[in-house]
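Q: This one is my_file_12.cif, mmCIF, C-alpha atoms and all ligand atoms.
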```cif
data_structure
#
loop_
_atom_site.label_atom_id
_atom_site.label_comp_id
_atom_site.auth_asym_id
_atom_site.auth_seq_id
_atom_site.Cartn_x
_atom_site.Cartn_y
_atom_site.Cartn_z
CA MET A 1 84.97 117.00 175.45
CA ILE A 2 82.67 119.20 173.38
CA ALA A 3 82.04 118.61 169.67
CA VAL A 4 80.18 120.65 167.07
CA TYR A 5 78.10 119.06 164.29
CA PRO A 6 77.34 121.75 161.69
CA GLY A 7 74.96 121.64 158.74
CA SER A 8 72.06 123.22 156.92
CA PHE A 9 69.55 120.67 158.28
CA ASP A 10 66.91 121.81 155.76
CA PRO A 11 65.31 119.72 157.17
CA ALA A 12 66.91 117.20 159.56
CA THR A 13 66.72 113.61 158.29
CA ASN A 14 67.14 110.24 159.98
CA GLY A 15 70.67 110.21 158.50
CA HIS A 16 71.51 113.33 160.52
CA LEU A 17 69.83 111.87 163.58
CA ASP A 18 71.87 108.68 163.28
CA ILE A 19 75.10 110.73 163.30
CA ILE A 20 73.82 112.84 166.22
CA GLU A 21 72.95 109.80 168.34
CA ARG A 22 76.28 108.11 167.65
CA ALA A 23 78.37 111.25 168.22
CA ALA A 24 76.49 112.01 171.45
CA ARG A 25 77.71 108.66 172.79
CA ILE A 26 81.33 109.64 172.16
CA PHE A 27 81.40 113.25 173.38
CA ASP A 28 80.34 114.81 176.69
CA GLN A 29 78.41 117.44 174.80
CA LEU A 30 77.38 117.69 171.17
CA ILE A 31 76.34 121.05 169.78
CA VAL A 32 74.32 120.64 166.61
CA THR A 33 74.48 123.98 164.86
CA VAL A 34 72.45 125.27 161.94
CA PHE A 35 74.04 127.52 159.29
CA ARG A 36 72.27 130.85 159.54
CA ASN A 37 72.74 131.68 155.89
CA ALA A 38 72.61 128.44 154.04
CA GLY A 39 73.07 129.78 150.53
CA LYS A 40 70.88 127.01 149.22
CA ASN A 41 67.55 128.88 149.14
CA PRO A 42 66.27 126.92 152.14
CA LEU A 43 62.70 125.61 152.41
CA PHE A 44 62.62 126.12 156.18
CA THR A 45 63.63 129.25 158.08
CA MET A 46 66.57 129.01 160.45
CA GLU A 47 64.15 129.15 163.42
CA GLU A 48 62.12 126.26 161.99
CA ARG A 49 65.21 124.15 161.33
CA VAL A 50 66.37 124.74 164.92
CA GLU A 51 62.92 123.95 166.33
CA LEU A 52 62.60 120.72 164.32
CA LEU A 53 66.04 119.57 165.49
CA ARG A 54 65.22 120.44 169.12
CA GLU A 55 62.06 118.33 169.02
CA ALA A 56 63.76 115.43 167.25
CA THR A 57 66.70 115.30 169.71
CA ALA A 58 64.76 116.02 172.91
CA HIS A 59 65.48 112.45 174.07
CA ILE A 60 69.28 112.95 174.02
CA PRO A 61 70.32 114.89 177.13
CA ASN A 62 73.84 115.93 176.04
CA VAL A 63 72.77 117.44 172.71
CA ARG A 64 72.26 121.18 172.36
CA ILE A 65 70.85 122.85 169.25
CA ASP A 66 72.18 126.22 168.18
CA SER A 67 72.67 128.31 165.05
CA PHE A 68 75.63 130.26 163.73
CA GLY A 69 76.80 132.63 161.04
CA GLY A 70 80.34 133.51 160.00
CA LEU A 71 83.38 131.33 160.42
CA LEU A 72 82.83 127.85 161.78
CA THR A 73 86.31 127.69 163.35
CA GLN A 74 85.61 130.91 165.24
CA TYR A 75 82.26 129.58 166.41
CA ALA A 76 83.79 126.29 167.60
CA LYS A 77 86.40 128.19 169.59
CA GLU A 78 83.76 130.35 171.26
CA GLN A 79 81.87 127.19 172.24
CA GLY A 80 85.00 125.58 173.70
CA ALA A 81 84.78 122.74 171.14
CA ARG A 82 87.89 120.90 169.95
CA VAL A 83 86.19 118.66 167.40
CA LEU A 84 83.99 119.15 164.33
CA VAL A 85 81.83 116.15 163.49
CA LYS A 86 80.95 115.53 159.84
CA GLY A 87 78.94 112.76 158.24
CA LEU A 88 80.23 111.05 155.12
CA ARG A 89 77.93 109.34 152.67
CA ALA A 90 79.35 108.51 149.27
CA VAL A 91 82.64 109.34 147.58
CA SER A 92 80.85 112.42 146.25
CA ASP A 93 80.94 113.97 149.76
CA PHE A 94 84.66 113.38 150.06
CA ASP A 95 86.20 116.07 147.81
CA TYR A 96 84.30 118.91 149.37
CA GLU A 97 84.68 117.67 152.95
CA PHE A 98 88.40 117.06 152.44
CA GLN A 99 88.85 120.63 151.20
CA MET A 100 86.83 122.05 154.12
CA ALA A 101 88.72 119.98 156.68
CA LEU A 102 92.09 121.18 155.35
CA MET A 103 90.94 124.79 155.26
CA ASN A 104 89.57 124.61 158.80
CA LYS A 105 92.83 123.00 159.95
CA LYS A 106 94.73 125.91 158.44
CA LEU A 107 92.44 128.41 160.18
CA ASP A 108 92.67 126.63 163.53
CA PRO A 109 95.29 123.87 163.91
CA GLU A 110 93.86 122.95 167.33
CA LEU A 111 90.51 121.94 165.88
CA GLU A 112 90.07 118.37 164.59
CA THR A 113 87.51 117.25 162.01
CA LEU A 114 86.11 113.82 162.75
CA PHE A 115 84.28 111.96 159.98
CA MET A 116 81.61 109.44 160.81
CA MET A 117 80.51 107.01 158.15
CA THR A 118 76.80 107.13 157.38
CA GLY A 119 74.58 104.38 158.71
CA GLN A 120 74.11 101.88 155.86
CA LYS A 121 70.37 102.54 155.74
CA TYR A 122 70.98 106.26 155.24
CA SER A 123 73.73 106.35 152.65
CA TYR A 124 71.33 107.54 149.92
CA LEU A 125 69.57 110.05 152.13
CA SER A 126 69.91 113.83 151.83
CA SER A 127 67.71 116.75 152.79
CA SER A 128 67.32 117.71 149.14
CA ILE A 129 66.18 114.25 148.07
CA VAL A 130 63.62 114.20 150.89
CA LYS A 131 62.27 117.60 149.80
CA GLU A 132 62.07 116.50 146.19
CA LEU A 133 60.32 113.27 147.12
CA ALA A 134 57.84 115.06 149.39
CA GLY A 135 57.20 117.64 146.65
CA PHE A 136 56.11 114.87 144.31
CA GLY A 137 53.88 113.37 146.99
CA GLY A 138 56.21 110.41 147.62
CA CYS A 139 56.27 108.55 150.93
CA ILE A 140 58.89 109.96 153.30
CA GLU A 141 58.09 107.70 156.23
CA GLY A 142 61.24 106.29 157.83
CA LEU A 143 63.42 108.91 156.13
CA VAL A 144 62.81 111.79 158.53
CA PRO A 145 61.68 112.08 162.16
CA PRO A 146 57.85 112.21 162.54
CA ASN A 147 57.80 115.92 163.48
CA VAL A 148 59.78 116.75 160.33
CA ALA A 149 57.46 114.65 158.14
CA LYS A 150 54.45 116.53 159.51
CA ARG A 151 56.00 119.99 159.04
CA LEU A 152 57.26 119.08 155.58
CA MET A 153 53.78 118.11 154.43
CA GLU A 154 52.25 121.29 155.89
CA THR A 155 54.94 123.50 154.34
CA ILE A 156 54.60 121.91 150.93
CA GLU A 157 50.80 122.24 150.99
CA LYS A 158 51.07 125.90 152.04
CA SER A 159 53.74 126.94 149.57
CA GLY A 160 52.19 125.09 146.69
CA VAL A 161 55.62 123.57 146.02
CA ARG A 162 53.88 120.29 145.38
CA LYS A 163 54.43 119.21 141.82
CA GLY A 164 52.78 116.78 139.50
P1 LIG B 1 72.55 117.72 153.18
O1 LIG B 1 73.87 117.37 152.52
O2 LIG B 1 71.64 116.54 153.32
O3 LIG B 1 71.89 118.95 152.68
P2 LIG B 1 73.59 119.09 155.54
O4 LIG B 1 74.26 120.22 154.86
O5 LIG B 1 72.55 119.47 156.55
O6 LIG B 1 72.92 117.98 154.65
O7 LIG B 1 74.68 118.14 156.19
C1 LIG B 1 75.21 118.29 157.46
C2 LIG B 1 76.17 117.16 157.74
O8 LIG B 1 75.46 115.92 157.80
C3 LIG B 1 77.26 116.93 156.68
O9 LIG B 1 78.44 116.56 157.35
C4 LIG B 1 76.69 115.79 155.85
O10 LIG B 1 77.72 115.06 155.23
C5 LIG B 1 76.00 114.99 156.92
N1 LIG B 1 74.92 114.13 156.40
C6 LIG B 1 73.83 114.50 155.69
N2 LIG B 1 73.06 113.44 155.40
C7 LIG B 1 73.67 112.34 155.93
C8 LIG B 1 73.38 110.95 155.94
N3 LIG B 1 72.31 110.45 155.32
N4 LIG B 1 74.25 110.13 156.59
C9 LIG B 1 75.35 110.64 157.19
N5 LIG B 1 75.67 111.94 157.21
C10 LIG B 1 74.85 112.79 156.59
#
```
If you took the structure in this file and wrote it as structure tokens, what would it be?
Ligand code: ADP
A:
Amino acid sequence: MIAVYPGSFDPATNGHLDIIERAARIFDQLIVTVFRNAGKNPLFTMEERVELLREATAHIPNVRIDSFGGLLTQYAKEQGARVLVKGLRAVSDFDYEFQMALMNKKLDPELETLFMMTGQKYSYLSSSIVKELAGFGGCIEGLVPPNVAKRLMETIEKSGVRKG
């Protein structure tokens, strides 16, 4: 069975990677797909986010990295996927994810949304908190894969985003 794990991945964190590794053990193929137009003023381009995910998941044979725009339900259908995988951290994720899951169910009743609880170590972790921390020169070791840490530092140096 094929599953799709969608997100902005700006950038991928160890919390994402934890979900990817666990979901890849359940499904025959996991397609991790990057929103093409993350309306969040992303730090990394779509190509960079895809590249970073490819490097960080190179050790998992049944994971494929892709990107998409438009309707997620449509995309999942085109990929032959019957399941959407979502990670849940705190209660704060619930409202939005609940709404999305119901809407996607309405759009495509055949498609299931499967929620995976965050790994305990990663419950506080989000891409935005990592970017903020890195921007202030904080230590991001253990929060993101090594290739992401390296690119994050380079990008922050280059863009002068670094604060303080
Ligand atoms: P963020 O919310 O960090 O900007 P994304 O939009 O890239 O992340 O999230 C993609 C998916 O990954 C969502 O389902 C989100 O709930 C999940 N996710 C993000 N961070 C974690 C984490 N630390 N643990 C578990 N799931 C996570």
Q: Need the neighbours of (78.9, 105.9, 166.5): which residues are at most 12 Å away, counting all atoms listed in the file, as an MDAnalysis selection string?
A: chainID A and resid 17:27 85:87 114:119
Q: Report, in Å to a single decimal, how far apart CA of Val50 in chain A and CA of Leu88 in chain A are.
A: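 The value is 21.8 Å.
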Q: Might you pull out every residue within 12 Å of range 66-76 of chain A, with all atoms listed in the file counted and same-chain residues fewer than 6 positions away left off, and present them as a ChimeraX atom specification?
A: /A:2-9,30-39,45-54,82-85,100-113
Q: Centre and edge lengths, as lines of an AutoDock Vina configuration file, for the axis-aligned box enclosing every listed atom of ligand LIG 1 (chain B) with 6 Å of padding on each of the six sides, in Å to one decimal?
A:
```
center_x = 75.0
center_y = 115.2
center_z = 155.2
size_x = 18.8
size_y = 22.1
size_z = 17.3
```
Q: Do a neighbour search on Arg151 in chain A at 12 Å with all atoms listed in the file, toss out local chain neighbours closer than 3 positions, and write the hits as a PyMOL selection string.
A: chain A and resi 10-12+43-44+48-49+51-53+55+131+134+140+144-148+154-159
Q: So the first atom is CA of Asn14 in chain A and the second is CA of Lys77 in chain A; what is the distance between them in Å, to one decimal place?
A: 28.0 Å
Q: Just to confirm, what's the straight-line distance from atom C3 of ligand LIG 1 (chain B) to CA of Asp28 in chain A in Å (one decimal)?
A: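 Distance reported for this atom pair: 20.4 Å.
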Q: Restricting the calculation to all atoms listed in the file: of A:Gly135, A:Asn41, A:Lys150, A:Tyr124, which residue gets closest to ligand LIG 1 (chain B)?
A: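 Ranked by minimum distance to ligand LIG 1 (chain B), first place goes to A:Tyr124.
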Q: Could N, CA and C atoms be built for range 73-98 of chain A and written out as a PDB file, keeping the file's coordinate frame?
A:
```
ATOM      1  N   THR A  73      85.191 127.878 162.415  1.00  0.00           N
ATOM      2  CA  THR A  73      86.310 127.690 163.350  1.00  0.00           C
ATOM      3  C   THR A  73      86.204 128.667 164.529  1.00  0.00           C
ATOM      4  N   GLN A  74      85.805 129.872 164.215  1.00  0.00           N
ATOM      5  CA  GLN A  74      85.610 130.910 165.240  1.00  0.00           C
ATOM      6  C   GLN A  74      84.500 130.493 166.205  1.00  0.00           C
ATOM      7  N   TYR A  75      83.415 130.026 165.605  1.00  0.00           N
ATOM      8  CA  TYR A  75      82.260 129.580 166.410  1.00  0.00           C
ATOM      9  C   TYR A  75      82.665 128.437 167.338  1.00  0.00           C
ATOM     10  N   ALA A  76      83.383 127.452 166.795  1.00  0.00           N
ATOM     11  CA  ALA A  76      83.790 126.290 167.600  1.00  0.00           C
ATOM     12  C   ALA A  76      84.647 126.734 168.783  1.00  0.00           C
ATOM     13  N   LYS A  77      85.528 127.675 168.530  1.00  0.00           N
ATOM     14  CA  LYS A  77      86.400 128.190 169.590  1.00  0.00           C
ATOM     15  C   LYS A  77      85.570 128.843 170.700  1.00  0.00           C
ATOM     16  N   GLU A  78      84.624 129.671 170.289  1.00  0.00           N
ATOM     17  CA  GLU A  78      83.760 130.350 171.260  1.00  0.00           C
ATOM     18  C   GLU A  78      82.986 129.353 172.123  1.00  0.00           C
ATOM     19  N   GLN A  79      82.648 128.210 171.519  1.00  0.00           N
ATOM     20  CA  GLN A  79      81.870 127.190 172.240  1.00  0.00           C
ATOM     21  C   GLN A  79      82.764 126.280 173.086  1.00  0.00           C
ATOM     22  N   GLY A  80      84.061 126.443 172.959  1.00  0.00           N
ATOM     23  CA  GLY A  80      85.000 125.580 173.700  1.00  0.00           C
ATOM     24  C   GLY A  80      85.090 124.194 173.092  1.00  0.00           C
ATOM     25  N   ALA A  81      84.760 124.056 171.799  1.00  0.00           N
ATOM     26  CA  ALA A  81      84.780 122.740 171.140  1.00  0.00           C
ATOM     27  C   ALA A  81      86.130 122.493 170.485  1.00  0.00           C
ATOM     28  N   ARG A  82      86.609 121.245 170.573  1.00  0.00           N
ATOM     29  CA  ARG A  82      87.890 120.900 169.950  1.00  0.00           C
ATOM     30  C   ARG A  82      87.705 120.003 168.736  1.00  0.00           C
ATOM     31  N   VAL A  83      86.451 119.596 168.487  1.00  0.00           N
ATOM     32  CA  VAL A  83      86.190 118.660 167.400  1.00  0.00           C
ATOM     33  C   VAL A  83      84.986 119.109 166.569  1.00  0.00           C
ATOM     34  N   LEU A  84      85.135 118.968 165.235  1.00  0.00           N
ATOM     35  CA  LEU A  84      83.990 119.150 164.330  1.00  0.00           C
ATOM     36  C   LEU A  84      83.589 117.761 163.867  1.00  0.00           C
ATOM     37  N   VAL A  85      82.323 117.442 163.964  1.00  0.00           N
ATOM     38  CA  VAL A  85      81.830 116.150 163.490  1.00  0.00           C
ATOM     39  C   VAL A  85      81.196 116.359 162.122  1.00  0.00           C
ATOM     40  N   LYS A  86      81.548 115.481 161.166  1.00  0.00           N
ATOM     41  CA  LYS A  86      80.950 115.530 159.840  1.00  0.00           C
ATOM     42  C   LYS A  86      80.495 114.135 159.465  1.00  0.00           C
ATOM     43  N   GLY A  87      79.398 114.059 158.736  1.00  0.00           N
ATOM     44  CA  GLY A  87      78.940 112.760 158.240  1.00  0.00           C
ATOM     45  C   GLY A  87      79.439 112.561 156.820  1.00  0.00           C
ATOM     46  N   LEU A  88      79.804 111.339 156.490  1.00  0.00           N
ATOM     47  CA  LEU A  88      80.230 111.050 155.120  1.00  0.00           C
ATOM     48  C   LEU A  88      79.306 110.000 154.525  1.00  0.00           C
ATOM     49  N   ARG A  89      78.784 110.303 153.352  1.00  0.00           N
ATOM     50  CA  ARG A  89      77.930 109.340 152.670  1.00  0.00           C
ATOM     51  C   ARG A  89      78.736 108.655 151.582  1.00  0.00           C
ATOM     52  N   ALA A  90      78.638 109.160 150.380  1.00  0.00           N
ATOM     53  CA  ALA A  90      79.350 108.510 149.270  1.00  0.00           C
ATOM     54  C   ALA A  90      80.655 109.228 148.992  1.00  0.00           C
ATOM     55  N   VAL A  91      81.374 108.719 148.016  1.00  0.00           N
ATOM     56  CA  VAL A  91      82.640 109.340 147.580  1.00  0.00           C
ATOM     57  C   VAL A  91      82.391 110.798 147.198  1.00  0.00           C
ATOM     58  N   SER A  92      81.185 111.064 146.702  1.00  0.00           N
ATOM     59  CA  SER A  92      80.850 112.420 146.250  1.00  0.00           C
ATOM     60  C   SER A  92      80.963 113.443 147.376  1.00  0.00           C
ATOM     61  N   ASP A  93      80.782 113.038 148.629  1.00  0.00           N
ATOM     62  CA  ASP A  93      80.940 113.970 149.760  1.00  0.00           C
ATOM     63  C   ASP A  93      82.409 114.264 150.025  1.00  0.00           C
ATOM     64  N   PHE A  94      83.278 113.351 149.596  1.00  0.00           N
ATOM     65  CA  PHE A  94      84.660 113.380 150.060  1.00  0.00           C
ATOM     66  C   PHE A  94      85.440 114.615 149.632  1.00  0.00           C
ATOM     67  N   ASP A  95      85.413 114.952 148.343  1.00  0.00           N
ATOM     68  CA  ASP A  95      86.200 116.070 147.810  1.00  0.00           C
ATOM     69  C   ASP A  95      85.957 117.353 148.596  1.00  0.00           C
ATOM     70  N   TYR A  96      84.676 117.676 148.708  1.00  0.00           N
ATOM     71  CA  TYR A  96      84.300 118.910 149.370  1.00  0.00           C
ATOM     72  C   TYR A  96      84.703 118.891 150.850  1.00  0.00           C
ATOM     73  N   GLU A  97      84.389 117.779 151.520  1.00  0.00           N
ATOM     74  CA  GLU A  97      84.680 117.670 152.950  1.00  0.00           C
ATOM     75  C   GLU A  97      86.184 117.690 153.220  1.00  0.00           C
ATOM     76  N   PHE A  98      86.948 117.097 152.326  1.00  0.00           N
ATOM     77  CA  PHE A  98      88.400 117.060 152.440  1.00  0.00           C
ATOM     78  C   PHE A  98      88.943 118.491 152.376  1.00  0.00           C
TER      79      PHE A  98
END
```
